[in-house]
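Asker: Once you've had a glance at the structure underneath, I'll fire off some questions.
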Amino acid sequence: MARKNLTFHLAERPKGDIVPGKTFNLVETDAPTANDLKDGEVLVENIYLSLDPAMRTWLYDVRSYTPPVAIGEKMRGGCIARVLASKGGKVKEGDYVFVWSGWTEVAVVAEDVVSLIDLPKGTRLTDAIGAAGPTGLTAYFGLRDIGKPKAGETVVVSGAAGATGSVAGQIAKIHGARVIGIAGSDEKCKVLTEELGFDVALNYKSPTFKEDFAKATPDFIDVYWDNVGGEILDLALSRAATHARFVMCGSISRYNALEKAPGVRNIQVVTTQRVRMEGFIVTDYLKEFSEAKKQLSQWIVEGKLKRKETIVKGGLKVAETAISNLFNGGNMGKLLVEVKPIDQNNKKSLL
């Protein structure tokens, strides 16, 4: 009997939150096979699907760093996948790879977009999509080239309990900075300080948050990592040190907003305190990925960089509901969907 394949396609552009059963269509077809491969193509089955805040922005029909997902198109997404067959020399059957194969179970992809996963002992397979993968790389390059934290400086990270924020804070600690994390619950704040080594963690939902923030930054902020935008960005600007560096990574507080975003009220601080405020995209650094992955992996093995993951089980079909965790605080660290269960220790299927 032919293997079946589930794939999510964009049905309509959401206004506000993604709505399960409405925003996407889940389509079942016969799965592609090795017989469908052309020269230079690879057949993969997805094991883990990465869910990222940026996915929400890809559903807007606006100019961005990448074209929007088209209506009827397979939803875009990065995956850890296993090679089922190959008509090329780069990878072979059984290899584990990182690939932008999308919200599907089985896919045919071009060999040149497949990256072989080669992580050292002491890491996990999921590190290739998390702490030593795209999210870790984002933190690494953003701090290296824009934040440039120095020993003794104060670094503040918003969205600190998320995939990128949790890594950014730890890298800042590796550089000797005093790190303050902002998260949305007391439980997450506890994880930041007790497990990930943040010096201070503040719950932005606390009624005393603004006062707590001022007390935590008596010497002002040297580096601010922005994952959220909105009011917290404004608050951080009000506490910016002279020549502070603001790393503009995301604005998740606005991704589902229906009303037009208000302007940044404290933008004048950029001038008065000579603040450097700069955005970036991790794919700007493709040629440097290999060396950065080695450094991130080394920190993981040495225990200097600790991963946090939320893995949602239930197969691909749960992706359209699981993605809401990014916007309602339901995840800690990297959010993944387990498309197909495997034992990470020996990488064998559990099905």
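Numbering starts fresh at 1 for the residues of each chain in the structure tokens, the chains themselves are lettered A, B, ... in the order given, and ligands are numbered from 1 as they appear.
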If DSSP is run on the backbone, what residues of stretch 120-254 of chain A are strand (DSSP E)? A reply as a PyMOL selection string would be ideal.
Answerer: chain A and resi 154-157+178-183+200-203+221-226+240-248
Asker: For those residues, write N, CA, C and O atoms to a file as a compact mmCIF listing (two decimals), in the first residue's frame.
Answerer:
```txt
# COMPACT_ATOMS: atom_id res chain seq x y z
N THR A 154 25.99 45.82 31.10
CA THR A 154 24.64 45.35 31.35
C THR A 154 23.96 45.04 30.04
O THR A 154 23.84 45.90 29.15
N VAL A 155 23.52 43.80 29.90
CA VAL A 155 22.80 43.33 28.71
C VAL A 155 21.39 42.95 29.11
O VAL A 155 21.20 42.20 30.07
N VAL A 156 20.40 43.47 28.40
CA VAL A 156 19.00 43.13 28.65
C VAL A 156 18.46 42.39 27.43
O VAL A 156 18.65 42.83 26.29
N VAL A 157 17.78 41.28 27.69
CA VAL A 157 17.20 40.47 26.62
C VAL A 157 15.70 40.37 26.82
O VAL A 157 15.24 39.86 27.85
N ARG A 178 26.75 41.33 32.65
CA ARG A 178 25.65 41.15 33.60
C ARG A 178 24.37 41.12 32.77
O ARG A 178 24.09 42.06 32.02
N VAL A 179 23.60 40.04 32.89
CA VAL A 179 22.49 39.80 31.97
C VAL A 179 21.15 39.82 32.71
O VAL A 179 20.97 39.13 33.72
N ILE A 180 20.24 40.61 32.17
CA ILE A 180 18.87 40.71 32.68
C ILE A 180 17.93 40.16 31.62
O ILE A 180 17.95 40.61 30.47
N GLY A 181 17.12 39.18 31.99
CA GLY A 181 16.16 38.61 31.06
C GLY A 181 14.75 39.06 31.39
O GLY A 181 14.40 39.21 32.56
N ILE A 182 13.95 39.28 30.36
CA ILE A 182 12.54 39.63 30.53
C ILE A 182 11.70 38.50 29.97
O ILE A 182 11.90 38.06 28.83
N ALA A 183 10.77 37.99 30.76
CA ALA A 183 9.90 36.88 30.34
C ALA A 183 8.49 37.13 30.86
O ALA A 183 8.23 38.10 31.56
N VAL A 200 19.56 38.42 36.55
CA VAL A 200 18.25 38.92 36.98
C VAL A 200 17.23 38.51 35.93
O VAL A 200 17.53 38.48 34.73
N ALA A 201 16.02 38.20 36.36
CA ALA A 201 14.92 37.94 35.42
C ALA A 201 13.68 38.66 35.92
O ALA A 201 13.34 38.59 37.10
N LEU A 202 13.02 39.37 35.01
CA LEU A 202 11.86 40.18 35.36
C LEU A 202 10.63 39.72 34.58
O LEU A 202 10.70 39.48 33.37
N ASN A 203 9.52 39.61 35.30
CA ASN A 203 8.24 39.24 34.70
C ASN A 203 7.53 40.52 34.23
O ASN A 203 7.13 41.34 35.05
N ILE A 221 21.51 50.61 30.33
CA ILE A 221 21.63 49.41 29.49
C ILE A 221 22.69 49.64 28.42
O ILE A 221 22.59 50.58 27.62
N ASP A 222 23.67 48.76 28.38
CA ASP A 222 24.71 48.85 27.34
C ASP A 222 24.30 48.12 26.07
O ASP A 222 24.57 48.59 24.97
N VAL A 223 23.65 46.97 26.24
CA VAL A 223 23.20 46.18 25.09
C VAL A 223 21.77 45.74 25.34
O VAL A 223 21.46 45.19 26.41
N TYR A 224 20.91 45.99 24.37
CA TYR A 224 19.52 45.52 24.47
C TYR A 224 19.23 44.62 23.27
O TYR A 224 19.41 45.02 22.11
N TRP A 225 18.79 43.39 23.56
CA TRP A 225 18.39 42.44 22.51
C TRP A 225 16.88 42.47 22.43
O TRP A 225 16.19 42.05 23.35
N ASP A 226 16.37 42.95 21.30
CA ASP A 226 14.92 43.13 21.16
C ASP A 226 14.29 42.01 20.36
O ASP A 226 14.53 41.86 19.17
N ALA A 240 18.54 53.48 28.16
CA ALA A 240 19.73 53.24 27.34
C ALA A 240 20.92 54.05 27.83
O ALA A 240 20.80 55.26 28.10
N ALA A 241 22.06 53.40 27.94
CA ALA A 241 23.29 54.09 28.27
C ALA A 241 23.80 54.84 27.04
O ALA A 241 23.38 54.57 25.90
N THR A 242 24.69 55.76 27.25
CA THR A 242 25.32 56.44 26.13
C THR A 242 26.12 55.44 25.30
O THR A 242 26.85 54.62 25.85
N HIS A 243 25.90 55.49 24.00
CA HIS A 243 26.53 54.55 23.05
C HIS A 243 26.05 53.10 23.25
O HIS A 243 26.78 52.15 22.96
N ALA A 244 24.83 52.94 23.72
CA ALA A 244 24.25 51.60 23.82
C ALA A 244 24.05 51.01 22.43
O ALA A 244 23.93 51.72 21.43
N ARG A 245 24.02 49.67 22.39
CA ARG A 245 23.77 48.96 21.13
C ARG A 245 22.47 48.18 21.27
O ARG A 245 22.33 47.36 22.18
N PHE A 246 21.54 48.46 20.37
CA PHE A 246 20.25 47.78 20.36
C PHE A 246 20.20 46.81 19.18
O PHE A 246 20.25 47.24 18.02
N VAL A 247 20.11 45.53 19.49
CA VAL A 247 20.06 44.49 18.46
C VAL A 247 18.60 44.21 18.15
O VAL A 247 17.86 43.66 18.97
N MET A 248 18.16 44.56 16.95
CA MET A 248 16.75 44.45 16.58
C MET A 248 16.51 43.12 15.88
O MET A 248 16.74 42.97 14.68
```
Asker: Identify, with DSSP run on backbone atoms, the residues in stretch 166-308 of chain A assigned to helix (DSSP H, G or I), and express the list as JSON, numbers by chain.
Answerer: {"A": [166, 167, 168, 169, 170, 171, 172, 173, 174, 186, 187, 188, 189, 190, 191, 192, 193, 194, 209, 210, 211, 212, 213, 214, 215, 216, 230, 231, 232, 233, 234, 235, 236, 237, 238, 252, 253, 254, 268, 269, 270, 271, 272, 282, 283, 284, 285, 286, 287, 288, 289, 290, 291, 292, 293, 294, 295, 296, 297, 298, 299, 300, 301, 302]}
Asker: For the selection just defined, write its residues with C-alpha atoms to a file, as an mmCIF file, in the first residue's frame.
Answerer:
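See selection.cif below for the written result:
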```cif
data_model
loop_
_atom_site.group_PDB
_atom_site.id
_atom_site.type_symbol
_atom_site.label_atom_id
_atom_site.label_comp_id
_atom_site.auth_asym_id
_atom_site.auth_seq_id
_atom_site.Cartn_x
_atom_site.Cartn_y
_atom_site.Cartn_z
ATOM 1 C CA SER A 166 17.608 32.168 25.894
ATOM 2 C CA VAL A 167 20.752 31.608 23.818
ATOM 3 C CA ALA A 168 21.550 35.316 23.439
ATOM 4 C CA GLY A 169 21.513 35.795 27.206
ATOM 5 C CA GLN A 170 23.828 32.854 27.779
ATOM 6 C CA ILE A 171 26.297 34.027 25.136
ATOM 7 C CA ALA A 172 26.351 37.456 26.771
ATOM 8 C CA LYS A 173 27.198 35.727 30.076
ATOM 9 C CA ILE A 174 30.019 33.841 28.353
ATOM 10 C CA ASP A 186 7.528 33.777 37.306
ATOM 11 C CA GLU A 187 8.211 30.168 36.314
ATOM 12 C CA LYS A 188 10.150 31.239 33.228
ATOM 13 C CA CYS A 189 12.044 33.849 35.218
ATOM 14 C CA LYS A 190 13.082 31.130 37.665
ATOM 15 C CA VAL A 191 14.422 28.989 34.823
ATOM 16 C CA LEU A 192 16.415 31.928 33.460
ATOM 17 C CA THR A 193 18.213 32.598 36.732
ATOM 18 C CA GLU A 194 18.442 29.111 38.247
ATOM 19 C CA PHE A 209 7.628 45.653 36.295
ATOM 20 C CA LYS A 210 8.570 49.214 35.341
ATOM 21 C CA GLU A 211 9.882 49.951 38.806
ATOM 22 C CA ASP A 212 11.702 46.616 38.918
ATOM 23 C CA PHE A 213 13.237 47.335 35.525
ATOM 24 C CA ALA A 214 14.598 50.699 36.660
ATOM 25 C CA LYS A 215 16.044 49.174 39.831
ATOM 26 C CA ALA A 216 17.706 46.374 37.830
ATOM 27 C CA GLY A 230 6.272 47.583 21.509
ATOM 28 C CA GLU A 231 6.184 49.006 25.020
ATOM 29 C CA ILE A 232 9.179 47.033 26.271
ATOM 30 C CA LEU A 233 11.354 48.468 23.496
ATOM 31 C CA ASP A 234 10.224 51.952 24.519
ATOM 32 C CA LEU A 235 11.034 51.186 28.140
ATOM 33 C CA ALA A 236 14.476 49.892 27.215
ATOM 34 C CA LEU A 237 15.196 53.067 25.235
ATOM 35 C CA SER A 238 14.360 55.136 28.310
ATOM 36 C CA ILE A 252 6.637 39.465 18.302
ATOM 37 C CA SER A 253 4.281 41.650 20.334
ATOM 38 C CA ARG A 254 2.984 43.075 17.045
ATOM 39 C CA GLN A 268 14.722 60.634 20.461
ATOM 40 C CA VAL A 269 16.945 58.718 22.889
ATOM 41 C CA VAL A 270 18.727 57.213 19.879
ATOM 42 C CA THR A 271 20.019 60.712 19.167
ATOM 43 C CA THR A 272 20.577 62.056 22.670
ATOM 44 C CA VAL A 282 20.812 35.408 10.095
ATOM 45 C CA THR A 283 21.025 34.314 6.443
ATOM 46 C CA ASP A 284 23.267 37.335 5.836
ATOM 47 C CA TYR A 285 25.965 35.156 7.404
ATOM 48 C CA LEU A 286 25.581 31.921 5.424
ATOM 49 C CA LYS A 287 29.278 31.721 4.583
ATOM 50 C CA GLU A 288 30.162 31.811 8.281
ATOM 51 C CA PHE A 289 27.652 29.230 9.510
ATOM 52 C CA SER A 290 30.135 26.352 9.703
ATOM 53 C CA GLU A 291 32.586 28.038 12.063
ATOM 54 C CA ALA A 292 29.806 29.509 14.208
ATOM 55 C CA LYS A 293 28.152 26.093 14.585
ATOM 56 C CA LYS A 294 31.472 24.687 15.818
ATOM 57 C CA GLN A 295 31.692 27.378 18.488
ATOM 58 C CA LEU A 296 28.072 26.947 19.593
ATOM 59 C CA SER A 297 28.490 23.160 19.732
ATOM 60 C CA GLN A 298 31.659 23.523 21.777
ATOM 61 C CA TRP A 299 29.857 25.722 24.301
ATOM 62 C CA ILE A 300 27.067 23.117 24.551
ATOM 63 C CA VAL A 301 29.550 20.287 25.140
ATOM 64 C CA GLU A 302 31.399 22.369 27.744
#
```
Asker: With distances taken over only C-alpha atoms, which of A:Lys340, A:Arg63, A:Arg307, A:Lys317 is nearest to A:Ile129?
Answerer: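 Ranking A:Lys340, A:Arg63, A:Arg307, A:Lys317 by distance to A:Ile129, first place goes to A:Arg307.
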Asker: Name the residues in contact with A:Lys313 at a cut-off of 9 Å, using only C-alpha atoms, excluding same-chain residues fewer than 4 positions from it; report them as a list in words.
Answerer: Val318, Leu336, Val337, Glu338, Val339, Lys340 and Pro341 of chain A
Asker: Report the distance between atom CA of A:Gly330 and atom CA of A:Gly142 in Å, rounded to one decimal place.
Answerer: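 Separation of atom CA of A:Gly330 and atom CA of A:Gly142: 25.1 Å.
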Asker: For stretch 27-41 of chain A, find every residue with an atom within 6 Å (counting only C-alpha atoms), except residues of its own chain fewer than 2 positions away, and show them as an mmCIF file with all heavy atoms, in the first residue's frame.
Answerer:
```cif
data_model
loop_
_atom_site.group_PDB
_atom_site.id
_atom_site.type_symbol
_atom_site.label_atom_id
_atom_site.label_comp_id
_atom_site.auth_asym_id
_atom_site.auth_seq_id
_atom_site.Cartn_x
_atom_site.Cartn_y
_atom_site.Cartn_z
ATOM 1 N N ARG A 3 2.507 4.772 0.659
ATOM 2 C CA ARG A 3 2.598 5.641 1.835
ATOM 3 C C ARG A 3 1.880 6.960 1.549
ATOM 4 O O ARG A 3 1.995 7.532 0.462
ATOM 5 C CB ARG A 3 4.071 5.902 2.162
ATOM 6 C CG ARG A 3 4.278 6.834 3.360
ATOM 7 C CD ARG A 3 5.758 6.975 3.695
ATOM 8 N NE ARG A 3 5.961 7.847 4.842
ATOM 9 C CZ ARG A 3 7.147 8.084 5.404
ATOM 10 N NH1 ARG A 3 8.241 7.503 4.917
ATOM 11 N NH2 ARG A 3 7.245 8.887 6.455
ATOM 12 N N LYS A 4 1.148 7.443 2.532
ATOM 13 C CA LYS A 4 0.447 8.716 2.392
ATOM 14 C C LYS A 4 1.302 9.846 2.974
ATOM 15 O O LYS A 4 2.213 9.619 3.782
ATOM 16 C CB LYS A 4 -0.910 8.657 3.099
ATOM 17 C CG LYS A 4 -1.884 7.661 2.477
ATOM 18 C CD LYS A 4 -2.217 8.030 1.030
ATOM 19 C CE LYS A 4 -3.205 7.056 0.411
ATOM 20 N NZ LYS A 4 -3.511 7.424 -1.000
ATOM 21 N N ASN A 5 0.993 11.056 2.570
ATOM 22 C CA ASN A 5 1.782 12.215 2.973
ATOM 23 C C ASN A 5 0.859 13.379 3.306
ATOM 24 O O ASN A 5 -0.010 13.753 2.508
ATOM 25 C CB ASN A 5 2.720 12.621 1.829
ATOM 26 C CG ASN A 5 3.704 13.687 2.243
ATOM 27 O OD1 ASN A 5 4.185 13.699 3.374
ATOM 28 N ND2 ASN A 5 4.025 14.597 1.323
ATOM 29 N N LEU A 6 1.027 13.952 4.497
ATOM 30 C CA LEU A 6 0.258 15.123 4.906
ATOM 31 C C LEU A 6 1.069 16.387 4.671
ATOM 32 O O LEU A 6 2.281 16.435 4.942
ATOM 33 C CB LEU A 6 -0.108 15.030 6.384
ATOM 34 C CG LEU A 6 -1.058 13.909 6.797
ATOM 35 C CD1 LEU A 6 -1.256 13.903 8.315
ATOM 36 C CD2 LEU A 6 -2.401 14.053 6.097
ATOM 37 N N THR A 7 0.406 17.422 4.174
ATOM 38 C CA THR A 7 1.051 18.708 3.905
ATOM 39 C C THR A 7 0.082 19.838 4.229
ATOM 40 O O THR A 7 -1.102 19.769 3.882
ATOM 41 C CB THR A 7 1.469 18.820 2.422
ATOM 42 O OG1 THR A 7 2.309 17.715 2.077
ATOM 43 C CG2 THR A 7 2.219 20.123 2.163
ATOM 44 N N ALA A 85 16.335 8.590 0.216
ATOM 45 C CA ALA A 85 16.989 8.229 -1.047
ATOM 46 C C ALA A 85 17.642 9.475 -1.613
ATOM 47 O O ALA A 85 17.222 10.601 -1.329
ATOM 48 C CB ALA A 85 15.983 7.651 -2.047
ATOM 49 N N LYS A 87 19.765 11.066 -5.277
ATOM 50 C CA LYS A 87 20.355 10.967 -6.611
ATOM 51 C C LYS A 87 21.419 12.054 -6.748
ATOM 52 O O LYS A 87 21.355 12.911 -7.614
ATOM 53 C CB LYS A 87 19.287 11.102 -7.697
ATOM 54 C CG LYS A 87 18.587 9.804 -8.045
ATOM 55 C CD LYS A 87 17.901 9.895 -9.388
ATOM 56 C CE LYS A 87 17.363 8.533 -9.828
ATOM 57 N NZ LYS A 87 16.739 8.600 -11.161
ATOM 58 N N GLY A 88 22.369 12.014 -5.842
ATOM 59 C CA GLY A 88 23.470 12.974 -5.826
ATOM 60 C C GLY A 88 24.552 12.455 -4.915
ATOM 61 O O GLY A 88 24.399 11.403 -4.278
ATOM 62 N N VAL A 109 13.577 17.374 -2.394
ATOM 63 C CA VAL A 109 14.256 18.671 -2.338
ATOM 64 C C VAL A 109 15.522 18.622 -3.175
ATOM 65 O O VAL A 109 16.074 17.543 -3.442
ATOM 66 C CB VAL A 109 14.604 19.062 -0.889
ATOM 67 C CG1 VAL A 109 13.347 19.258 -0.052
ATOM 68 C CG2 VAL A 109 15.516 18.019 -0.250
ATOM 69 N N ALA A 110 15.977 19.784 -3.580
ATOM 70 C CA ALA A 110 17.236 19.873 -4.317
ATOM 71 C C ALA A 110 18.398 19.589 -3.379
ATOM 72 O O ALA A 110 18.411 20.018 -2.216
ATOM 73 C CB ALA A 110 17.388 21.256 -4.937
ATOM 74 N N GLU A 111 19.375 18.873 -3.872
ATOM 75 C CA GLU A 111 20.519 18.482 -3.048
ATOM 76 C C GLU A 111 21.263 19.697 -2.503
ATOM 77 O O GLU A 111 21.775 19.663 -1.375
ATOM 78 C CB GLU A 111 21.465 17.625 -3.887
ATOM 79 C CG GLU A 111 22.671 17.102 -3.139
ATOM 80 C CD GLU A 111 23.617 16.329 -4.044
ATOM 81 O OE1 GLU A 111 23.874 16.808 -5.163
ATOM 82 O OE2 GLU A 111 24.080 15.266 -3.618
#
```
Asker: Let me make sure I understand: among A:Gly303, A:Gly329, A:Pro207, A:Gly165, which one has the smallest atom-to-atom distance to A:Leu143 if we use only C-alpha atoms?
Answerer: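 Using only C-alpha atoms, A:Leu143 sits closest to A:Gly165.
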Asker: Mind pulling up the distance from atom CA of A:Val62 to atom CA of A:Gly21?
Answerer: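 Distance between the two atoms: 23.7 Å.
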Asker: Counting only C-alpha atoms, figure out which residue out of A:Glu320, A:Thr123, A:Pro53, A:His175 gets nearest to A:Val228.
Answerer: A:Pro53
Asker: From the list A:Phe8, A:Tyr48, A:Tyr140, A:Tyr96, which residue is nearest A:Met75 when using only C-alpha atoms?
Answerer: A:Phe8
